[in-house]
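Take a look at the structure set out below.
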Amino acid sequence: MPIKTEMWRIDNGLQRVSFSSMEAEKKLESILDKDISIIDPGLMIIGRQVATSFGKYIDLLAIDSEGHLAILELKRDKTPRDVVAQTLDYASWVQDLTYNEIIKIYATYDTTREFETAFEETFGTPPPEVLNEDHRILIIAAELDNHTERIVNYLSSNYGVPINAVFFQYFKEGQSEYLSRSWLIDPVQVETQASKVVKSRGKEQWNGVDYYVSFGEGTRRNWEDAVKYGFIAAGGGEWYSNTLSLLPVGAKVFVCIPKIGYVGVGIVKDEVVPVKEFLVDVDGNSTPILQLPHNAPDMGKDSDTPELSEYLVRVDWINTKPAEEAVWEKGMFANQNSACKLRNKFTVERLSEIFELKQSSEQISAEFPIPIRATHKGGTYQAELVNIKGLIRYENKEYQTPSTAAKVIVKDWKEVNGWDFWRYLNPSTGEWEKIGKLRQ
């Protein structure tokens with residue numbers, strides 16, 4: 001079903017905030033061109049209204065730190081058949097772009113910097129020797145009809161086409177303007193499905209779970225504090241902190257101290273927050289971390305300035321090592337980004353051995369509550385499995401069975417098997433698996 005967002009103002013009675021699809025479509029291209037991070041902080045725009053060889057123009061073309069391209073096409077007033085066919089046509093053209101052609105596209109877009117300079121300033125590393133080994137398609141819309149939604153889901157789920165739709169809705173109330181965003185399909189699901197179905201020219205595939213995290217020790221953050229209080233951190237500038245928003249709840253993070261080695265692996269428990277909002281449970285009381293003893297004297301520096309503040313992500317550590325026992329072997333993955341997808345099979349396999357991640361379902365089931373999630377119509381829902389009997393805690397309410405909790409989300413289904421609907425992250429496989437497997 002098409003996604004619809006509505007908004008009310010409640011500080012002075014209940015007042016509906018008006019939504020305008022026309023205004024959204026007028027503003028979106030310029031907004032995204034100015035700041036693509038509202039879709040993905042790991043992207044850099046390299047072209048706007050890019051001319052193809054067949055006389056059509058791609059609204060926006062972007063690139064990520066691995067040199068993969070992203071086609072961003074606004075739906076505007078196109079029909080379902082037209083918008084999907086057009087984006088697939090663009091993809092067929094984009095897939096053959098060479099390194100030099102990408103440089104030329106960027107030179108037309110930005111005359112102030114060379115492509116290599118812009119890439120390194122954005123991602124902190126020179127571009128890969130080979131660009132465009134993979135690409136993805138994003139349809140951007142204020143509203144989407146059933147036909148387009150059905151086609152996009154079909155291409156992604158059945159054929160592994162890396163296509164998704166992202167919805168932006170524009171609201172205005174007085175002089176204040178708002179923009180909301182939602183996805184048709186969980187972006188992680190799209191990528192993992194594409195990895196399973198379409199092999200990407202010999203490129204190592206991502207399993208949809210594992211992430212690399214660079215933990216730069218210094219006066220703003222300390223590894224002993226991170227282990228003690230359960231977090232990873234980055235800050236001192238948007239370039240450093242933005243990529244932490246890529247980490248979804250349930251992600252498995254392998255943490256590396258630059259130039260030293262890997263020191264820990266854990267599971268993300270909450271989304272990223274500014275340091276002044278990060279709370280630690282101390283004897284049953286939630287206490288701001290800045291009020292607790294720590295070894296980073298500048299942890300709270302610039303905490304009132306969003307662009308420069310330190311940002312923290314809560315982590316449930318599976319295994320850690322002190323910095324002096326950090327692990328590093330030739331061939332292991334390293335990157336200057338604070339967080340990115342970890343595709344390097346050698347790194348994952350060696351660290352899984354070193355940090356003893358080969359856990360059985362029986363071992364996992366003893367560690368309640370277990371973070372679980374479910375996806376439905378483009379939304380991802382986080383919950384906890386409280387015990388092996390199936391008690392689910394969702395949005396601060398407890399449900400006696402997984403199916404009862406699932407029905408809160410899938411109200412349009414007559415029946416739902418909650419043991420299949422909810423998934424947990426199995427560290428031994430790196431896959432999100434049905435919680436029903438824990439009963440086997």
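Letters for chains follow the order of the structure tokens (A, B, ...), residue numbers begin at 1 for each chain, and ligand numbers begin at 1 in the order shown.
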Please provide the set of residues having any atom within 10 Å of Leu244 in chain A, restricted to only C-alpha atoms, with same-chain residues fewer than 3 positions apart removed, written as an mmCIF file with N, CA and C atoms, in the first residue's frame.
data_model
loop_
_atom_site.group_PDB
_atom_site.id
_atom_site.type_symbol
_atom_site.label_atom_id
_atom_site.label_comp_id
_atom_site.auth_asym_id
_atom_site.auth_seq_id
_atom_site.Cartn_x
_atom_site.Cartn_y
_atom_site.Cartn_z
ATOM 1 N N PRO A 41 24.163 9.304 4.134
ATOM 2 C CA PRO A 41 25.368 10.094 4.413
ATOM 3 C C PRO A 41 26.616 9.532 3.748
ATOM 4 N N GLY A 42 26.510 8.339 3.179
ATOM 5 C CA GLY A 42 27.644 7.730 2.504
ATOM 6 C C GLY A 42 27.689 7.999 1.015
ATOM 7 N N VAL A 213 33.881 -0.371 12.059
ATOM 8 C CA VAL A 213 33.844 0.891 12.798
ATOM 9 C C VAL A 213 35.266 1.307 13.154
ATOM 10 N N ILE A 232 30.164 2.994 20.884
ATOM 11 C CA ILE A 232 31.172 3.432 19.930
ATOM 12 C C ILE A 232 30.898 4.898 19.666
ATOM 13 N N ALA A 233 31.876 5.626 19.160
ATOM 14 C CA ALA A 233 31.701 7.073 19.057
ATOM 15 C C ALA A 233 32.516 7.658 17.912
ATOM 16 N N ALA A 234 32.074 8.836 17.477
ATOM 17 C CA ALA A 234 32.798 9.635 16.501
ATOM 18 C C ALA A 234 32.291 11.062 16.628
ATOM 19 N N GLY A 235 33.076 12.006 16.193
ATOM 20 C CA GLY A 235 32.646 13.400 16.275
ATOM 21 C C GLY A 235 33.773 14.352 15.947
ATOM 22 N N TYR A 240 32.959 13.009 10.228
ATOM 23 C CA TYR A 240 33.267 11.903 11.132
ATOM 24 C C TYR A 240 31.999 11.258 11.701
ATOM 25 N N SER A 241 31.021 12.079 12.068
ATOM 26 C CA SER A 241 29.855 11.554 12.790
ATOM 27 C C SER A 241 28.738 11.067 11.891
ATOM 28 N N LEU A 247 24.432 2.777 10.865
ATOM 29 C CA LEU A 247 24.376 1.566 11.678
ATOM 30 C C LEU A 247 22.961 1.323 12.191
ATOM 31 N N PRO A 248 22.280 0.298 11.698
ATOM 32 C CA PRO A 248 20.937 -0.007 12.184
ATOM 33 C C PRO A 248 21.000 -0.803 13.476
ATOM 34 N N GLU A 271 19.973 3.631 18.034
ATOM 35 C CA GLU A 271 20.460 4.527 17.000
ATOM 36 C C GLU A 271 21.373 5.597 17.596
ATOM 37 N N VAL A 272 22.148 6.232 16.744
ATOM 38 C CA VAL A 272 23.120 7.227 17.175
ATOM 39 C C VAL A 272 22.439 8.426 17.847
ATOM 40 N N VAL A 273 23.075 8.957 18.896
ATOM 41 C CA VAL A 273 22.568 10.142 19.594
ATOM 42 C C VAL A 273 23.738 11.057 19.942
ATOM 43 N N TYR A 311 29.212 12.002 18.941
ATOM 44 C CA TYR A 311 27.998 11.204 18.824
ATOM 45 C C TYR A 311 28.297 9.768 19.237
ATOM 46 N N LEU A 312 27.340 9.148 19.936
ATOM 47 C CA LEU A 312 27.543 7.804 20.466
ATOM 48 C C LEU A 312 26.459 6.841 19.981
ATOM 49 N N VAL A 313 26.853 5.588 19.819
ATOM 50 C CA VAL A 313 25.941 4.503 19.467
ATOM 51 C C VAL A 313 26.073 3.428 20.537
ATOM 52 N N ASN A 337 36.590 5.959 7.195
ATOM 53 C CA ASN A 337 35.231 6.305 7.595
ATOM 54 C C ASN A 337 34.941 5.777 8.993
ATOM 55 N N SER A 338 34.155 6.508 9.767
ATOM 56 C CA SER A 338 33.819 6.067 11.119
ATOM 57 C C SER A 338 33.022 4.779 11.092
ATOM 58 N N ALA A 339 32.217 4.580 10.055
ATOM 59 C CA ALA A 339 31.453 3.332 9.916
ATOM 60 C C ALA A 339 31.203 3.061 8.443
ATOM 61 N N CYS A 340 31.290 1.800 8.070
ATOM 62 C CA CYS A 340 30.982 1.407 6.699
ATOM 63 C C CYS A 340 30.692 -0.090 6.678
#
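The list of residues with at least one atom within 6 Å of Ile63 in chain A, based on only C-alpha atoms and without residues fewer than 3 positions apart in the same chain, reads Leu43, Met44, Gly67, His68, Leu69 and Ala70 of chain A.
Nearest residue to Val263 in chain A, choosing from A:Gln205, A:Asn319, A:Ser92, A:Asn387 and counting only C-alpha atoms: A:Asn319.
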Query raised in the report: Using only C-alpha atoms, which of A:Asn146, A:Gln15, A:Gln189, A:Ser180 sits nearest Val161 in chain A?
Result: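 Among A:Asn146, A:Gln15, A:Gln189, A:Ser180, it is A:Gln189 that comes nearest to Val161 in chain A.
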Query - Spatial neighbours of Ser303 in chain A, 12 Å, only C-alpha atoms, chain gap at least 2 places, as a ChimeraX atom specification - result: /A:220,235-237,273-278,290,298-301,305-312
Query raised in the report: Which of range 236-411 of chain A counts as alpha helix (DSSP H) under DSSP, as a list in words please?
Result: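 DSSP-assigned alpha helix (DSSP H) residues in range 236-411 of chain A: Glu238, Trp239, Tyr240, Ser241, Lys345, Phe346, Thr347, Val348, Glu349, Arg350, Leu351, Ser352, Glu353, Ile354, Ser361, Glu362, Gln363, Ile364, Ser365, Pro402, Ser403, Thr404, Ala405, Ala406, Lys407, Val408 and Ile409 of chain A.
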Requested in this report: Between CA of Leu246 in chain A and CA of Thr122 in chain A, measure the distance and give it in Å to one decimal.
Outcome: 15.7 Å
Requested in this report: May I ask which of the residues A:Lys389, A:Lys321, A:Lys330, A:Lys414 is the closest one to Thr347 in chain A, counting only C-alpha atoms?
Outcome: A:Lys330
Quick one: which range 302-410 of chain A residues come within 12 Å of range 416-422 of chain A, and what is the nearest atom pair for each with the distance in Å to one decimal, counting only C-alpha atoms, rows ordered by chain and ascending number, as JSON lines?
{"residue": "A:Ile370", "atom": "CA", "partner": "A:Trp422", "partner_atom": "CA", "distance": 11.3}
{"residue": "A:Pro371", "atom": "CA", "partner": "A:Trp422", "partner_atom": "CA", "distance": 10.1}
{"residue": "A:Ile372", "atom": "CA", "partner": "A:Trp422", "partner_atom": "CA", "distance": 6.4}
{"residue": "A:Arg373", "atom": "CA", "partner": "A:Trp422", "partner_atom": "CA", "distance": 5.7}
{"residue": "A:Ala374", "atom": "CA", "partner": "A:Trp422", "partner_atom": "CA", "distance": 5.0}
{"residue": "A:Thr375", "atom": "CA", "partner": "A:Phe421", "partner_atom": "CA", "distance": 8.2}
{"residue": "A:His376", "atom": "CA", "partner": "A:Phe421", "partner_atom": "CA", "distance": 9.2}
{"residue": "A:Thr380", "atom": "CA", "partner": "A:Trp422", "partner_atom": "CA", "distance": 10.7}
{"residue": "A:Tyr381", "atom": "CA", "partner": "A:Trp422", "partner_atom": "CA", "distance": 9.2}
{"residue": "A:Gln382", "atom": "CA", "partner": "A:Trp422", "partner_atom": "CA", "distance": 9.3}
{"residue": "A:Ala383", "atom": "CA", "partner": "A:Trp422", "partner_atom": "CA", "distance": 8.7}
{"residue": "A:Glu384", "atom": "CA", "partner": "A:Trp422", "partner_atom": "CA", "distance": 9.6}
{"residue": "A:Leu385", "atom": "CA", "partner": "A:Trp422", "partner_atom": "CA", "distance": 9.1}
{"residue": "A:Ile388", "atom": "CA", "partner": "A:Trp419", "partner_atom": "CA", "distance": 10.9}
{"residue": "A:Lys389", "atom": "CA", "partner": "A:Trp419", "partner_atom": "CA", "distance": 10.6}
{"residue": "A:Gly390", "atom": "CA", "partner": "A:Trp419", "partner_atom": "CA", "distance": 8.1}
{"residue": "A:Leu391", "atom": "CA", "partner": "A:Gly418", "partner_atom": "CA", "distance": 10.9}
{"residue": "A:Ile392", "atom": "CA", "partner": "A:Trp422", "partner_atom": "CA", "distance": 9.7}
{"residue": "A:Arg393", "atom": "CA", "partner": "A:Trp422", "partner_atom": "CA", "distance": 11.9}
{"residue": "A:Tyr394", "atom": "CA", "partner": "A:Trp422", "partner_atom": "CA", "distance": 11.4}
{"residue": "A:Tyr399", "atom": "CA", "partner": "A:Gly418", "partner_atom": "CA", "distance": 11.0}
{"residue": "A:Gln400", "atom": "CA", "partner": "A:Gly418", "partner_atom": "CA", "distance": 11.0}
{"residue": "A:Thr401", "atom": "CA", "partner": "A:Gly418", "partner_atom": "CA", "distance": 7.4}
{"residue": "A:Pro402", "atom": "CA", "partner": "A:Gly418", "partner_atom": "CA", "distance": 4.3}
{"residue": "A:Ser403", "atom": "CA", "partner": "A:Gly418", "partner_atom": "CA", "distance": 3.7}
{"residue": "A:Thr404", "atom": "CA", "partner": "A:Gly418", "partner_atom": "CA", "distance": 7.3}
{"residue": "A:Ala405", "atom": "CA", "partner": "A:Gly418", "partner_atom": "CA", "distance": 7.4}
{"residue": "A:Ala406", "atom": "CA", "partner": "A:Gly418", "partner_atom": "CA", "distance": 5.7}
{"residue": "A:Lys407", "atom": "CA", "partner": "A:Val416", "partner_atom": "CA", "distance": 6.9}
{"residue": "A:Val408", "atom": "CA", "partner": "A:Val416", "partner_atom": "CA", "distance": 10.6}
{"residue": "A:Ile409", "atom": "CA", "partner": "A:Val416", "partner_atom": "CA", "distance": 10.3}
{"residue": "A:Val410", "atom": "CA", "partner": "A:Val416", "partner_atom": "CA", "distance": 7.9}
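Of note, CA of Phe346 in chain A and CA of Glu120 in chain A are spaced 25.8 Å apart.
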Query - Near-Ala326 in chain A list (12 Å; only C-alpha atoms; drop same-chain fewer than 3 positions) as a ChimeraX atom specification - result: /A:223,254-265,320-323,329,351,354-355
Report summary line: Students should find that CA of Asp283 in chain A and CA of Asp302 in chain A are spaced 28.7 Å
